[in-house]
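Single-structure report; data block below.
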Amino acid sequence: MTTSTNGKFDRTPLIAGNWKMNMDHVQGITLLQKLAWTLSDAKHDFGRVEVAVFPPFTDLRGVQTLVQGDQLKVVYGGQDLSDQDSGAYTGDISGAFLAKLGCRYVLVGHSERRSIHGESDELLNRKLKAAYRHALTPILCVGEGLEIRQAGTHVAHTLDQVRAGVAGLTEAQAAELVIAYEPVWAIGTGEVAGPEDAQEMCAAIRAELAELFDQAIADKIRLLYGGSVKASNAAAILRERDVDGVLVGGASLDPAEFANIVRFESHLLTD
Ligand SMILES: O=C(CO)COP(=O)(O)O
């Protein structure tokens with residue numbers, strides 16, 4: 001495998017915006033139009049950086065129409081999916097429905113799903129497999145809370161989540177996987193992990209994946225950092241060797257701010 005100009009392996013950087021429960025289907029379209037317009041300057045190398053948004057489920061049909069109609073170079077995904085494919089699961093959304101709406105990705109195990117909805121590692125492992133059944137690429141979210149960070153057991157805790165999440169995946173599935181390290185204490189708090197914290201954890205995750213699968217597969221898996229990422233702190237994080245992108249919450253609701261994060265990544269690639 002060759003290395004890219006920024007010294008990382010040939011992993012396509014992914015800049016992802018998780019809108020959470022913000023933006024109804026009208027607001028979502030406006031946001032996406034503004035983002036696409038802001039990113040349409042010639043300097044942005046869309047070929048090298050993948051830009052993804054994760055709107056609420058009710059926005060996805062409108063997002064599909066806009067992305068396909070205007071041929072936007074933006075991909076999108078669901079914020080969650082059911083571990084089941086169809087049936088009596090009121091309120092749940094099948095991966096099959098997401099695939100039919102043109103989703104490429106789906107978030108699995110965001111810390112808000114884990115804490116508010118009590119989603120277990122076992123359930124998340126089934127959701128991961130459901131994503132693959134429908135040709136969706138899962139973004140498995142992992143990361144520790146404040147108490148665990150203070151106790152100094154954050155690496156062990158996060159690697160436990162990784163191991164449980166990827167249990168039983170084939171090598172081909174693992175090579176496609178994306179993992180987002182999102183320390184819970186940094187989400188929506190303005191408290192951002194330092195670039196060295198993001199690198200420490202992403203390197204540990206990659207080493208664990210090399211143990212579980214092999215080094216060549218671990219080198220293909222994209223690792224993102226998430227937690228209070230903004231244009232002002234993104235470049236330092238994205239420069240880290242094992243960080244292949246970011247998962248952005250609040251700042252992804254501001255198209256200019258989000259576009260600047262994408263620009264930082266594309267400049268890093270061409271520097
Ligand atoms: O949870 C996050 C992305 O999934 C991070 O959210 P913030 O960027 O708002 O901290």
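Chains: A, B, ... in order of the structure tokens. Residues: from 1 per chain. Ligands: from 1, in order shown.
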
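Within 9 Å of segment 90-98 of chain A there are Phe57, Leu60, Gly77, Gly78, Asp80, Leu81, Ser82, Asp83, Gln84, Asp85, Ser86, Gly87, Leu101, Gly102, Cys103, Arg104, Tyr105, Val106, Lys127, Ala130, Ala131, Tyr132, Arg133, His134, Ala135 and Leu136 of chain A, counting only C-alpha atoms and ignoring same-chain residues fewer than 3 positions away.
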
Can you spit out the residues from that selection as a short mmCIF file (atom, residue, chain, number, x, y, z; two decimals), in the first residue's frame, using C-alpha atoms?
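Here's the written file part-v9.cif:
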data_model
loop_
_atom_site.label_atom_id
_atom_site.label_comp_id
_atom_site.auth_asym_id
_atom_site.auth_seq_id
_atom_site.Cartn_x
_atom_site.Cartn_y
_atom_site.Cartn_z
CA PHE A 57 -34.63 10.15 9.23
CA LEU A 60 -33.46 11.69 4.15
CA GLY A 77 -26.48 8.25 6.05
CA GLY A 78 -28.82 7.43 8.92
CA ASP A 80 -29.16 4.70 13.63
CA LEU A 81 -30.77 1.52 12.29
CA SER A 82 -32.62 -1.49 13.66
CA ASP A 83 -30.84 -4.80 14.12
CA GLN A 84 -33.93 -6.33 12.43
CA ASP A 85 -34.81 -6.09 8.73
CA SER A 86 -38.62 -5.75 8.94
CA GLY A 87 -41.63 -6.57 11.07
CA LEU A 101 -32.94 6.10 0.13
CA GLY A 102 -29.38 6.06 -1.18
CA CYS A 103 -27.63 6.12 2.20
CA ARG A 104 -23.99 5.05 2.07
CA TYR A 105 -23.33 5.11 5.81
CA VAL A 106 -25.09 4.56 9.10
CA LYS A 127 -26.81 -3.52 14.24
CA ALA A 130 -27.58 -5.51 9.85
CA ALA A 131 -25.82 -2.57 8.19
CA TYR A 132 -23.62 -4.93 6.17
CA ARG A 133 -26.66 -7.01 5.15
CA HIS A 134 -27.96 -3.91 3.39
CA ALA A 135 -24.65 -2.76 1.92
CA LEU A 136 -24.41 0.19 4.29
#

**OP:** From segment 58-251 of chain A, collect each residue whose DSSP state is helix (DSSP H, G or I) and return the set as an MDAnalysis selection string.
**Re:** chainID A and resid 58:69 95:100 111:116 121:133 146:151 154:166 171:176 184:186 195:212 215:218 231:238 250:251

**OP:** Could you give me, as a ChimeraX atom specification, every polymer residue with an atom at most 9 Å away from an atom of ligand 1, counting only C-alpha atoms and all ligand atoms?
**Re:** /A:16-20,79,107,110-112,141,180,182-192,225-230,246-252

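Atom pair atom CA of Ile139 of chain A / atom CA of Leu66 of chain A: separated by 23.3 Å.
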
Original post:
With only C-alpha atoms as the atoms that count, which of A:Met23, A:Leu212, A:Ala198, A:Val63 lies nearest to Val166 of chain A?
Top reply: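 Closest to Val166 of chain A of all the choices is A:Leu212.
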
Subject >> Close residues, Glu171 of chain A itself excluded, 10 Å, only C-alpha atoms, min 2 positions apart in chain, as a PyMOL selection string >> reply: chain A and resi 168-169+173-177+212-214+217-218

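One finds atom CA of His267 of chain A at 28.0 Å from atom CA of Gln215 of chain A.
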
Original post:
For the atom pair atom CA of Leu31 of chain A and atom CA of Pro195 of chain A, what is the interatomic distance in Å to one decimal place?
Top reply: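 The value is 28.6 Å.
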